[in-house]
file entry27.txt (compact mmCIF, N, CA and C atoms)
# COMPACT_ATOMS: atom_id res chain seq x y z
N MET A 1 84.25 -42.02 44.29
CA MET A 1 83.18 -41.12 43.97
C MET A 1 82.51 -41.44 42.65
N GLY A 2 83.29 -41.78 41.62
CA GLY A 2 82.75 -41.98 40.30
C GLY A 2 82.26 -43.40 40.04
N ARG A 3 82.25 -44.25 41.05
CA ARG A 3 81.89 -45.65 40.83
C ARG A 3 80.45 -45.82 40.33
N GLY A 4 79.53 -45.05 40.83
CA GLY A 4 78.14 -45.18 40.40
C GLY A 4 77.99 -44.90 38.92
N ASN A 5 78.69 -43.91 38.40
CA ASN A 5 78.61 -43.59 36.98
C ASN A 5 79.23 -44.68 36.13
N GLU A 6 80.34 -45.27 36.61
CA GLU A 6 80.98 -46.33 35.85
C GLU A 6 80.06 -47.54 35.75
N CYS A 7 79.37 -47.88 36.82
CA CYS A 7 78.47 -49.02 36.80
C CYS A 7 77.31 -48.78 35.85
N SER A 8 76.75 -47.58 35.86
CA SER A 8 75.62 -47.32 34.97
C SER A 8 76.08 -47.27 33.53
N ALA A 9 77.30 -46.77 33.28
CA ALA A 9 77.82 -46.75 31.91
C ALA A 9 78.07 -48.17 31.43
N ALA A 10 78.60 -49.03 32.29
CA ALA A 10 78.84 -50.42 31.90
C ALA A 10 77.51 -51.13 31.66
N GLY A 11 76.52 -50.84 32.46
CA GLY A 11 75.20 -51.44 32.27
C GLY A 11 74.56 -51.01 30.97
N SER A 12 74.72 -49.73 30.60
CA SER A 12 74.12 -49.27 29.35
C SER A 12 74.84 -49.83 28.14
N SER A 13 76.18 -50.01 28.22
CA SER A 13 76.89 -50.59 27.08
C SER A 13 76.54 -52.07 26.95
N THR A 14 76.35 -52.76 28.05
CA THR A 14 75.93 -54.16 28.00
C THR A 14 74.54 -54.26 27.40
N SER A 15 73.66 -53.35 27.78
CA SER A 15 72.31 -53.33 27.23
C SER A 15 72.34 -53.05 25.73
N PHE A 16 73.22 -52.14 25.31
CA PHE A 16 73.34 -51.81 23.88
C PHE A 16 73.81 -53.02 23.10
N VAL A 17 74.82 -53.71 23.60
CA VAL A 17 75.36 -54.89 22.90
C VAL A 17 74.30 -55.98 22.85
N ARG A 18 73.58 -56.18 23.94
CA ARG A 18 72.53 -57.19 23.97
C ARG A 18 71.44 -56.87 22.95
N SER A 19 71.05 -55.61 22.87
CA SER A 19 70.04 -55.18 21.91
C SER A 19 70.53 -55.36 20.47
N LEU A 20 71.79 -55.02 20.23
CA LEU A 20 72.36 -55.17 18.90
C LEU A 20 72.38 -56.64 18.48
N LEU A 21 72.81 -57.52 19.37
CA LEU A 21 72.84 -58.95 19.07
C LEU A 21 71.43 -59.50 18.84
N LEU A 22 70.48 -59.02 19.63
CA LEU A 22 69.09 -59.47 19.49
C LEU A 22 68.53 -59.06 18.13
N HIS A 23 68.78 -57.82 17.72
CA HIS A 23 68.30 -57.37 16.41
C HIS A 23 68.99 -58.14 15.27
N TRP A 24 70.23 -58.48 15.48
CA TRP A 24 70.97 -59.25 14.49
C TRP A 24 70.31 -60.62 14.28
N VAL A 25 70.00 -61.29 15.37
CA VAL A 25 69.36 -62.61 15.29
C VAL A 25 67.94 -62.48 14.72
N LEU A 26 67.21 -61.43 15.11
CA LEU A 26 65.87 -61.22 14.57
C LEU A 26 65.92 -60.99 13.06
N ASN A 27 66.89 -60.21 12.60
CA ASN A 27 67.05 -59.99 11.16
C ASN A 27 67.35 -61.31 10.45
N ALA A 28 68.19 -62.14 11.05
CA ALA A 28 68.51 -63.44 10.45
C ALA A 28 67.25 -64.29 10.33
N ALA A 29 66.44 -64.33 11.38
CA ALA A 29 65.20 -65.12 11.33
C ALA A 29 64.24 -64.56 10.30
N ALA A 30 64.15 -63.24 10.20
CA ALA A 30 63.25 -62.61 9.24
C ALA A 30 63.70 -62.87 7.81
N LEU A 31 65.00 -62.81 7.56
CA LEU A 31 65.51 -63.11 6.22
C LEU A 31 65.27 -64.57 5.85
N TRP A 32 65.44 -65.47 6.81
CA TRP A 32 65.17 -66.88 6.56
C TRP A 32 63.70 -67.09 6.22
N ALA A 33 62.80 -66.41 6.96
CA ALA A 33 61.37 -66.53 6.70
C ALA A 33 61.02 -66.02 5.30
N ALA A 34 61.62 -64.90 4.91
CA ALA A 34 61.35 -64.35 3.58
C ALA A 34 61.81 -65.33 2.49
N ALA A 35 62.97 -65.93 2.70
CA ALA A 35 63.47 -66.90 1.71
C ALA A 35 62.58 -68.13 1.66
N ALA A 36 62.01 -68.51 2.80
CA ALA A 36 61.16 -69.70 2.84
C ALA A 36 59.77 -69.43 2.25
N LEU A 37 59.29 -68.19 2.35
CA LEU A 37 57.91 -67.90 1.96
C LEU A 37 57.75 -67.27 0.58
N ILE A 38 58.73 -66.54 0.11
CA ILE A 38 58.60 -65.80 -1.15
C ILE A 38 59.29 -66.57 -2.27
N PRO A 39 58.56 -66.90 -3.35
CA PRO A 39 59.14 -67.72 -4.42
C PRO A 39 60.38 -67.13 -5.09
N GLY A 40 60.50 -65.84 -5.24
CA GLY A 40 61.65 -65.26 -5.94
C GLY A 40 62.87 -65.03 -5.09
N ILE A 41 62.82 -65.47 -3.83
CA ILE A 41 63.96 -65.29 -2.92
C ILE A 41 64.43 -66.67 -2.49
N ALA A 42 65.74 -66.89 -2.61
CA ALA A 42 66.30 -68.19 -2.23
C ALA A 42 67.54 -67.97 -1.37
N PHE A 43 67.68 -68.82 -0.37
CA PHE A 43 68.88 -68.79 0.47
C PHE A 43 69.47 -70.17 0.52
N THR A 44 70.76 -70.27 0.25
CA THR A 44 71.48 -71.53 0.36
C THR A 44 72.65 -71.31 1.29
N GLY A 45 72.66 -72.03 2.35
CA GLY A 45 73.74 -71.90 3.33
C GLY A 45 73.25 -72.27 4.70
N GLY A 46 74.17 -72.27 5.62
CA GLY A 46 73.85 -72.64 6.99
C GLY A 46 73.61 -71.43 7.88
N PRO A 47 73.48 -71.67 9.18
CA PRO A 47 73.21 -70.60 10.13
C PRO A 47 74.31 -69.54 10.18
N GLY A 48 75.56 -69.96 10.04
CA GLY A 48 76.67 -68.99 10.06
C GLY A 48 76.59 -68.01 8.91
N ARG A 49 76.32 -68.55 7.74
CA ARG A 49 76.19 -67.69 6.55
C ARG A 49 74.97 -66.79 6.68
N LEU A 50 73.90 -67.31 7.29
CA LEU A 50 72.70 -66.51 7.50
C LEU A 50 72.98 -65.34 8.45
N LEU A 51 73.79 -65.57 9.48
CA LEU A 51 74.15 -64.47 10.40
C LEU A 51 75.01 -63.42 9.71
N VAL A 52 75.92 -63.86 8.83
CA VAL A 52 76.72 -62.90 8.07
C VAL A 52 75.80 -62.09 7.15
N LEU A 53 74.87 -62.77 6.52
CA LEU A 53 73.91 -62.09 5.65
C LEU A 53 73.07 -61.09 6.44
N ALA A 54 72.65 -61.45 7.63
CA ALA A 54 71.88 -60.53 8.48
C ALA A 54 72.71 -59.31 8.86
N ALA A 55 74.01 -59.50 9.08
CA ALA A 55 74.88 -58.37 9.37
C ALA A 55 74.98 -57.44 8.17
N VAL A 56 75.10 -58.01 6.98
CA VAL A 56 75.14 -57.19 5.75
C VAL A 56 73.82 -56.44 5.59
N PHE A 57 72.71 -57.12 5.83
CA PHE A 57 71.40 -56.49 5.74
C PHE A 57 71.28 -55.34 6.74
N GLY A 58 71.78 -55.53 7.94
CA GLY A 58 71.75 -54.47 8.95
C GLY A 58 72.60 -53.28 8.54
N ILE A 59 73.76 -53.53 7.97
CA ILE A 59 74.63 -52.44 7.53
C ILE A 59 73.99 -51.68 6.36
N VAL A 60 73.40 -52.42 5.42
CA VAL A 60 72.70 -51.78 4.30
C VAL A 60 71.56 -50.92 4.82
N ASN A 61 70.78 -51.46 5.77
CA ASN A 61 69.67 -50.70 6.34
C ASN A 61 70.14 -49.46 7.08
N SER A 62 71.23 -49.57 7.81
CA SER A 62 71.66 -48.43 8.61
C SER A 62 72.37 -47.36 7.79
N THR A 63 72.85 -47.71 6.61
CA THR A 63 73.54 -46.70 5.79
C THR A 63 72.65 -46.13 4.69
N LEU A 64 72.03 -47.00 3.89
CA LEU A 64 71.25 -46.52 2.75
C LEU A 64 69.85 -46.05 3.11
N ARG A 65 69.21 -46.72 4.05
CA ARG A 65 67.81 -46.41 4.38
C ARG A 65 67.60 -44.95 4.80
N PRO A 66 68.42 -44.40 5.71
CA PRO A 66 68.20 -42.99 6.08
C PRO A 66 68.36 -42.04 4.88
N LEU A 67 69.34 -42.32 4.04
CA LEU A 67 69.56 -41.48 2.87
C LEU A 67 68.36 -41.54 1.92
N LEU A 68 67.89 -42.75 1.63
CA LEU A 68 66.72 -42.89 0.75
C LEU A 68 65.46 -42.29 1.36
N THR A 69 65.32 -42.40 2.67
CA THR A 69 64.16 -41.84 3.34
C THR A 69 64.15 -40.32 3.21
N VAL A 70 65.29 -39.70 3.38
CA VAL A 70 65.37 -38.23 3.24
C VAL A 70 65.11 -37.83 1.79
N LEU A 71 65.73 -38.52 0.85
CA LEU A 71 65.58 -38.16 -0.55
C LEU A 71 64.16 -38.37 -1.08
N THR A 72 63.46 -39.34 -0.53
CA THR A 72 62.11 -39.63 -1.01
C THR A 72 61.03 -39.14 -0.05
N CYS A 73 61.38 -38.25 0.83
CA CYS A 73 60.42 -37.75 1.82
C CYS A 73 59.12 -37.23 1.18
N PRO A 74 59.18 -36.46 0.11
CA PRO A 74 57.91 -36.03 -0.50
C PRO A 74 57.04 -37.20 -0.96
N LEU A 75 57.65 -38.24 -1.51
CA LEU A 75 56.88 -39.41 -1.93
C LEU A 75 56.29 -40.15 -0.73
N ILE A 76 57.06 -40.22 0.34
CA ILE A 76 56.57 -40.89 1.55
C ILE A 76 55.37 -40.14 2.10
N VAL A 77 55.45 -38.81 2.13
CA VAL A 77 54.32 -38.01 2.62
C VAL A 77 53.13 -38.13 1.68
N LEU A 78 53.38 -38.04 0.38
CA LEU A 78 52.31 -38.11 -0.61
C LEU A 78 51.57 -39.44 -0.57
N THR A 79 52.30 -40.53 -0.31
CA THR A 79 51.68 -41.86 -0.28
C THR A 79 51.29 -42.28 1.14
N LEU A 80 51.34 -41.33 2.07
CA LEU A 80 50.99 -41.60 3.47
C LEU A 80 51.83 -42.73 4.07
N GLY A 81 53.09 -42.77 3.70
CA GLY A 81 54.02 -43.73 4.27
C GLY A 81 54.17 -45.03 3.52
N LEU A 82 53.32 -45.27 2.53
CA LEU A 82 53.38 -46.54 1.81
C LEU A 82 54.66 -46.69 0.99
N PHE A 83 55.29 -45.57 0.61
CA PHE A 83 56.52 -45.67 -0.17
C PHE A 83 57.64 -46.30 0.65
N THR A 84 57.53 -46.31 1.96
CA THR A 84 58.55 -46.98 2.78
C THR A 84 58.60 -48.49 2.47
N LEU A 85 57.48 -49.04 1.98
CA LEU A 85 57.49 -50.45 1.57
C LEU A 85 58.40 -50.65 0.36
N VAL A 86 58.42 -49.67 -0.53
CA VAL A 86 59.32 -49.72 -1.68
C VAL A 86 60.77 -49.64 -1.19
N ILE A 87 61.02 -48.77 -0.22
CA ILE A 87 62.37 -48.64 0.33
C ILE A 87 62.79 -49.96 0.98
N ASN A 88 61.87 -50.61 1.72
CA ASN A 88 62.19 -51.92 2.31
C ASN A 88 62.58 -52.92 1.23
N GLY A 89 61.83 -52.93 0.13
CA GLY A 89 62.16 -53.83 -0.97
C GLY A 89 63.51 -53.52 -1.58
N LEU A 90 63.81 -52.24 -1.73
CA LEU A 90 65.12 -51.86 -2.27
C LEU A 90 66.26 -52.29 -1.36
N MET A 91 66.05 -52.22 -0.06
CA MET A 91 67.10 -52.66 0.89
C MET A 91 67.36 -54.15 0.73
N LEU A 92 66.28 -54.92 0.53
CA LEU A 92 66.45 -56.35 0.33
C LEU A 92 67.09 -56.64 -1.02
N LEU A 93 66.74 -55.86 -2.03
CA LEU A 93 67.32 -56.03 -3.35
C LEU A 93 68.83 -55.73 -3.33
N VAL A 94 69.23 -54.68 -2.65
CA VAL A 94 70.66 -54.34 -2.52
C VAL A 94 71.39 -55.44 -1.75
N THR A 95 70.76 -55.94 -0.68
CA THR A 95 71.37 -57.02 0.10
C THR A 95 71.53 -58.27 -0.77
N GLY A 96 70.53 -58.57 -1.57
CA GLY A 96 70.62 -59.72 -2.48
C GLY A 96 71.73 -59.54 -3.50
N TRP A 97 71.89 -58.33 -4.03
CA TRP A 97 72.94 -58.06 -5.00
C TRP A 97 74.32 -58.23 -4.36
N LEU A 98 74.48 -57.66 -3.14
CA LEU A 98 75.76 -57.83 -2.44
C LEU A 98 76.02 -59.30 -2.12
N SER A 99 74.97 -60.00 -1.72
CA SER A 99 75.10 -61.42 -1.39
C SER A 99 75.56 -62.24 -2.58
N GLU A 100 75.01 -61.93 -3.74
CA GLU A 100 75.43 -62.67 -4.94
C GLU A 100 76.88 -62.36 -5.29
N ASN A 101 77.28 -61.11 -5.14
CA ASN A 101 78.67 -60.73 -5.46
C ASN A 101 79.66 -61.29 -4.44
N TRP A 102 79.24 -61.42 -3.19
CA TRP A 102 80.13 -61.90 -2.15
C TRP A 102 79.90 -63.37 -1.81
N ASN A 103 79.04 -64.03 -2.58
CA ASN A 103 78.76 -65.46 -2.40
C ASN A 103 78.27 -65.78 -0.98
N LEU A 104 77.24 -65.04 -0.53
CA LEU A 104 76.68 -65.27 0.81
C LEU A 104 75.45 -66.17 0.80
N GLY A 105 74.93 -66.48 -0.38
CA GLY A 105 73.86 -67.46 -0.46
C GLY A 105 72.46 -66.93 -0.65
N LEU A 106 72.26 -65.62 -0.70
CA LEU A 106 70.92 -65.08 -0.92
C LEU A 106 70.81 -64.59 -2.35
N SER A 107 69.72 -64.99 -3.00
CA SER A 107 69.45 -64.46 -4.34
C SER A 107 68.02 -63.93 -4.37
N VAL A 108 67.88 -62.74 -4.94
CA VAL A 108 66.58 -62.09 -5.08
C VAL A 108 66.36 -61.89 -6.57
N SER A 109 65.28 -62.47 -7.10
CA SER A 109 65.11 -62.53 -8.55
C SER A 109 64.66 -61.22 -9.18
N GLY A 110 64.07 -60.31 -8.44
CA GLY A 110 63.62 -59.06 -9.03
C GLY A 110 62.97 -58.15 -8.00
N PHE A 111 62.45 -57.03 -8.51
CA PHE A 111 61.90 -56.04 -7.59
C PHE A 111 60.70 -56.56 -6.82
N TRP A 112 59.77 -57.25 -7.51
CA TRP A 112 58.56 -57.68 -6.81
C TRP A 112 58.86 -58.74 -5.76
N ALA A 113 59.79 -59.61 -6.03
CA ALA A 113 60.20 -60.57 -5.00
C ALA A 113 60.80 -59.82 -3.81
N ALA A 114 61.62 -58.80 -4.10
CA ALA A 114 62.21 -58.00 -3.03
C ALA A 114 61.14 -57.22 -2.28
N PHE A 115 60.15 -56.70 -3.00
CA PHE A 115 59.07 -55.94 -2.37
C PHE A 115 58.31 -56.82 -1.37
N PHE A 116 57.86 -57.99 -1.83
CA PHE A 116 57.12 -58.88 -0.94
C PHE A 116 58.02 -59.49 0.14
N GLY A 117 59.28 -59.71 -0.20
CA GLY A 117 60.24 -60.16 0.81
C GLY A 117 60.45 -59.10 1.89
N GLY A 118 60.49 -57.84 1.48
CA GLY A 118 60.59 -56.74 2.45
C GLY A 118 59.39 -56.70 3.37
N LEU A 119 58.20 -56.98 2.82
CA LEU A 119 57.00 -57.06 3.67
C LEU A 119 57.15 -58.17 4.70
N VAL A 120 57.60 -59.34 4.25
CA VAL A 120 57.76 -60.48 5.16
C VAL A 120 58.81 -60.17 6.22
N VAL A 121 59.95 -59.60 5.80
CA VAL A 121 61.01 -59.27 6.77
C VAL A 121 60.48 -58.27 7.81
N GLY A 122 59.76 -57.27 7.36
CA GLY A 122 59.21 -56.28 8.29
C GLY A 122 58.21 -56.89 9.25
N LEU A 123 57.30 -57.71 8.73
CA LEU A 123 56.28 -58.33 9.59
C LEU A 123 56.89 -59.31 10.58
N VAL A 124 57.79 -60.15 10.11
CA VAL A 124 58.42 -61.13 11.01
C VAL A 124 59.24 -60.43 12.08
N SER A 125 59.99 -59.40 11.70
CA SER A 125 60.78 -58.65 12.69
C SER A 125 59.87 -58.01 13.73
N MET A 126 58.77 -57.43 13.26
CA MET A 126 57.84 -56.78 14.19
C MET A 126 57.21 -57.81 15.15
N LEU A 127 56.76 -58.93 14.60
CA LEU A 127 56.13 -59.95 15.44
C LEU A 127 57.11 -60.53 16.47
N LEU A 128 58.32 -60.82 16.03
CA LEU A 128 59.32 -61.35 16.97
C LEU A 128 59.69 -60.31 18.04
N SER A 129 59.82 -59.06 17.64
CA SER A 129 60.13 -58.00 18.62
C SER A 129 59.00 -57.86 19.63
N LEU A 130 57.75 -57.90 19.16
CA LEU A 130 56.61 -57.81 20.08
C LEU A 130 56.57 -59.00 21.04
N ALA A 131 56.83 -60.18 20.50
CA ALA A 131 56.83 -61.38 21.35
C ALA A 131 57.92 -61.29 22.42
N LEU A 132 59.09 -60.82 22.05
CA LEU A 132 60.18 -60.69 23.02
C LEU A 132 59.88 -59.60 24.04
N ALA A 133 59.29 -58.51 23.60
CA ALA A 133 58.94 -57.43 24.53
C ALA A 133 57.88 -57.91 25.51
N ARG A 134 56.91 -58.67 25.04
CA ARG A 134 55.86 -59.21 25.92
C ARG A 134 56.47 -60.16 26.95
N GLY A 135 57.46 -60.95 26.52
CA GLY A 135 58.14 -61.86 27.44
C GLY A 135 58.91 -61.10 28.51
N LYS A 136 59.52 -59.96 28.15
CA LYS A 136 60.24 -59.15 29.13
C LYS A 136 59.30 -58.59 30.17
N VAL A 137 58.13 -58.13 29.74
CA VAL A 137 57.14 -57.58 30.68
C VAL A 137 56.68 -58.67 31.62
N ARG A 138 56.42 -59.88 31.09
CA ARG A 138 55.98 -60.99 31.93
C ARG A 138 57.07 -61.37 32.93
N ASP A 139 58.35 -61.40 32.49
CA ASP A 139 59.45 -61.73 33.38
C ASP A 139 59.58 -60.69 34.49
N ARG A 140 59.39 -59.41 34.17
CA ARG A 140 59.46 -58.37 35.20
C ARG A 140 58.35 -58.54 36.22
N ARG A 141 57.16 -58.90 35.75
CA ARG A 141 56.04 -59.11 36.69
C ARG A 141 56.34 -60.26 37.62
N LEU A 142 56.90 -61.35 37.08
CA LEU A 142 57.23 -62.50 37.92
C LEU A 142 58.30 -62.12 38.94
N THR A 143 59.30 -61.35 38.52
CA THR A 143 60.36 -60.94 39.43
C THR A 143 59.82 -60.02 40.51
N ASP A 144 58.97 -59.06 40.13
CA ASP A 144 58.38 -58.15 41.11
C ASP A 144 57.52 -58.90 42.10
N ASP A 145 56.74 -59.89 41.63
CA ASP A 145 55.88 -60.67 42.52
C ASP A 145 56.70 -61.54 43.46
N SER A 146 57.83 -62.06 43.00
CA SER A 146 58.63 -62.94 43.84
C SER A 146 59.29 -62.18 45.00
N PHE A 147 59.45 -60.87 44.84
CA PHE A 147 60.01 -60.08 45.92
C PHE A 147 58.94 -59.46 46.79
N GLY A 148 57.70 -59.85 46.60
CA GLY A 148 56.62 -59.37 47.45
C GLY A 148 56.13 -57.97 47.09
N ARG A 149 56.51 -57.47 45.96
CA ARG A 149 56.07 -56.16 45.53
C ARG A 149 54.65 -56.25 44.98
N ARG A 150 53.81 -55.32 45.33
CA ARG A 150 52.41 -55.37 44.86
C ARG A 150 52.08 -54.23 43.97

call {"tool": "encode", "arguments": {"input": "entry27.txt", "output": "structure tokens"}}
result
Amino acid sequence: MGRGNECSAAGSSTSFVRSLLLHWVLNAAALWAAAALIPGIAFTGGPGRLLVLAAVFGIVNSTLRPLLTVLTCPLIVLTLGLFTLVINGLMLLVTGWLSENWNLGLSVSGFWAAFFGGLVVGLVSMLLSLALARGKVRDRRLTDDSFGRR
């Protein structure tokens, strides 16, 4: 009787893990792009170290970002959301500080480097997410057409 629920639960957990891994890789690519494009940000290390750094960045974002967003809500409203760019920079600055202490290979020279690096990380993540979402829609269309669905 309960088999249908077990299958859907397994499918949703697989989807969650796939989404988590995808965001992890997207964060790694975005951090690499920021290090390549912004003069005050440097990364030394290989792909493995970059993935560890992306995991640290994800943990920093998931723990500190909500707290800072709530605490600075009046500033976010007053600036029509632009203060979130400062929060993005702070997340990158904290990640850089942790990276230097844990020898992960990322160094951020100051707030302005972190600010512009946060812009790059946000834009690259958004563009990659949009590109992947567009690819999923195209794949669904091809699959629907191959089964004769109109």

call {"tool": "residues_around", "arguments": {"input": "entry27.txt", "residues": "region 17-28 of chain A", "least_positions_apart": "2", "cutoff": "6 Å", "atoms": "only N, CA and C atoms", "output": "list in words"}}
result
Ser12, Ser13, Thr14, Ser15, Ala30, Leu31, Trp32, Ala33, Leu50, Leu51, Ala54 and Ser125 of chain A

call {"tool": "write_last_selection", "arguments": {"input": "entry27.txt", "atoms": "N, CA and C atoms", "output": "mmCIF file, in the frame of the given file"}}
result
data_model
loop_
_atom_site.group_PDB
_atom_site.id
_atom_site.type_symbol
_atom_site.label_atom_id
_atom_site.label_comp_id
_atom_site.auth_asym_id
_atom_site.auth_seq_id
_atom_site.Cartn_x
_atom_site.Cartn_y
_atom_site.Cartn_z
ATOM 1 N N SER A 12 74.720 -49.730 30.600
ATOM 2 C CA SER A 12 74.120 -49.270 29.350
ATOM 3 C C SER A 12 74.840 -49.830 28.140
ATOM 4 N N SER A 13 76.180 -50.010 28.220
ATOM 5 C CA SER A 13 76.890 -50.590 27.080
ATOM 6 C C SER A 13 76.540 -52.070 26.950
ATOM 7 N N THR A 14 76.350 -52.760 28.050
ATOM 8 C CA THR A 14 75.930 -54.160 28.000
ATOM 9 C C THR A 14 74.540 -54.260 27.400
ATOM 10 N N SER A 15 73.660 -53.350 27.780
ATOM 11 C CA SER A 15 72.310 -53.330 27.230
ATOM 12 C C SER A 15 72.340 -53.050 25.730
ATOM 13 N N ALA A 30 64.150 -63.240 10.200
ATOM 14 C CA ALA A 30 63.250 -62.610 9.240
ATOM 15 C C ALA A 30 63.700 -62.870 7.810
ATOM 16 N N LEU A 31 65.000 -62.810 7.560
ATOM 17 C CA LEU A 31 65.510 -63.110 6.220
ATOM 18 C C LEU A 31 65.270 -64.570 5.850
ATOM 19 N N TRP A 32 65.440 -65.470 6.810
ATOM 20 C CA TRP A 32 65.170 -66.880 6.560
ATOM 21 C C TRP A 32 63.700 -67.090 6.220
ATOM 22 N N ALA A 33 62.800 -66.410 6.960
ATOM 23 C CA ALA A 33 61.370 -66.530 6.700
ATOM 24 C C ALA A 33 61.020 -66.020 5.300
ATOM 25 N N LEU A 50 73.900 -67.310 7.290
ATOM 26 C CA LEU A 50 72.700 -66.510 7.500
ATOM 27 C C LEU A 50 72.980 -65.340 8.450
ATOM 28 N N LEU A 51 73.790 -65.570 9.480
ATOM 29 C CA LEU A 51 74.150 -64.470 10.400
ATOM 30 C C LEU A 51 75.010 -63.420 9.710
ATOM 31 N N ALA A 54 72.650 -61.450 7.630
ATOM 32 C CA ALA A 54 71.880 -60.530 8.480
ATOM 33 C C ALA A 54 72.710 -59.310 8.860
ATOM 34 N N SER A 125 59.990 -59.400 11.700
ATOM 35 C CA SER A 125 60.780 -58.650 12.690
ATOM 36 C C SER A 125 59.870 -58.010 13.730
#

call {"tool": "closest_residue", "arguments": {"input": "entry27.txt", "among": "A:Phe43, A:Phe83, A:Phe57, A:Phe16", "to": "Leu106 (chain A)", "atoms": "only N, CA and C atoms"}}
result
A:Phe43

call {"tool": "closest_residue", "arguments": {"input": "entry27.txt", "among": "A:Val121, A:Gly81, A:Arg134, A:Leu64", "to": "Ala29 (chain A)", "atoms": "only N, CA and C atoms"}}
result
A:Val121

call {"tool": "residues_around", "arguments": {"input": "entry27.txt", "residues": "Gly105 (chain A)", "least_positions_apart": "6", "cutoff": "9 Å", "atoms": "only C-alpha atoms", "output": "list in words"}}
result
Ala42, Phe43, Thr44, Gly45, Arg49, Leu50, Leu53, Gly96 and Ser99 of chain A

call {"tool": "select_by_dssp", "arguments": {"input": "entry27.txt", "residues": "chain A", "states": "strand (DSSP E)", "output": "list in words"}}
result
Ile41, Ala42, Phe43, Leu106, Ser107 and Val108 of chain A

call {"tool": "select_by_dssp", "arguments": {"input": "entry27.txt", "residues": "region 29-61 of chain A", "states": "alpha helix (DSSP H)", "output": "list in words"}}
result
Ala29, Ala30, Leu31, Trp32, Ala33, Ala34, Ala35, Ala36, Leu37, Pro47, Gly48, Arg49, Leu50, Leu51, Val52, Leu53, Ala54, Ala55, Val56, Phe57, Gly58, Ile59, Val60 and Asn61 of chain A

call {"tool": "atom_distance", "arguments": {"input": "entry27.txt", "atom1": "CA of Pro47 (chain A)", "atom2": "CA of Leu92 (chain A)"}}
result
18.6 Å

call {"tool": "atom_distance", "arguments": {"input": "entry27.txt", "atom1": "CA of Leu68 (chain A)", "atom2": "CA of Phe111 (chain A)"}}
result
16.3 Å

call {"tool": "atom_distance", "arguments": {"input": "entry27.txt", "atom1": "atom N of Leu37 (chain A)", "atom2": "atom C of Leu130 (chain A)"}}
result
21.0 Å

call {"tool": "axis_aligned_box", "arguments": {"input": "entry27.txt", "around": "region 72-80 of chain A", "padding_each_side": "8 Å", "output": "JSON"}}
result
{"center_x": 57.2, "center_y": -39.4, "center_z": 1.1, "size_x": 28.5, "size_y": 22.7, "size_z": 22.0}

call {"tool": "residues_around", "arguments": {"input": "entry27.txt", "residues": "Ile87 (chain A)", "least_positions_apart": "4", "cutoff": "8 Å", "atoms": "only N, CA and C atoms", "output": "list in words"}}
result
Arg65, Leu68, Thr69, Leu82, Phe83, Met91, Leu92, Leu93, Phe115 and Gly118 of chain A

call {"tool": "write_last_selection", "arguments": {"input": "entry27.txt", "atoms": "N, CA and C atoms", "output": "compact mmCIF listing (two decimals), keeping the file's coordinate frame"}}
result
# COMPACT_ATOMS: atom_id res chain seq x y z
N ARG A 65 69.21 -46.72 4.05
CA ARG A 65 67.81 -46.41 4.38
C ARG A 65 67.60 -44.95 4.80
N LEU A 68 67.89 -42.75 1.63
CA LEU A 68 66.72 -42.89 0.75
C LEU A 68 65.46 -42.29 1.36
N THR A 69 65.32 -42.40 2.67
CA THR A 69 64.16 -41.84 3.34
C THR A 69 64.15 -40.32 3.21
N LEU A 82 53.32 -45.27 2.53
CA LEU A 82 53.38 -46.54 1.81
C LEU A 82 54.66 -46.69 0.99
N PHE A 83 55.29 -45.57 0.61
CA PHE A 83 56.52 -45.67 -0.17
C PHE A 83 57.64 -46.30 0.65
N MET A 91 66.05 -52.22 -0.06
CA MET A 91 67.10 -52.66 0.89
C MET A 91 67.36 -54.15 0.73
N LEU A 92 66.28 -54.92 0.53
CA LEU A 92 66.45 -56.35 0.33
C LEU A 92 67.09 -56.64 -1.02
N LEU A 93 66.74 -55.86 -2.03
CA LEU A 93 67.32 -56.03 -3.35
C LEU A 93 68.83 -55.73 -3.33
N PHE A 115 60.15 -56.70 -3.00
CA PHE A 115 59.07 -55.94 -2.37
C PHE A 115 58.31 -56.82 -1.37
N GLY A 118 60.49 -57.84 1.48
CA GLY A 118 60.59 -56.74 2.45
C GLY A 118 59.39 -56.70 3.37
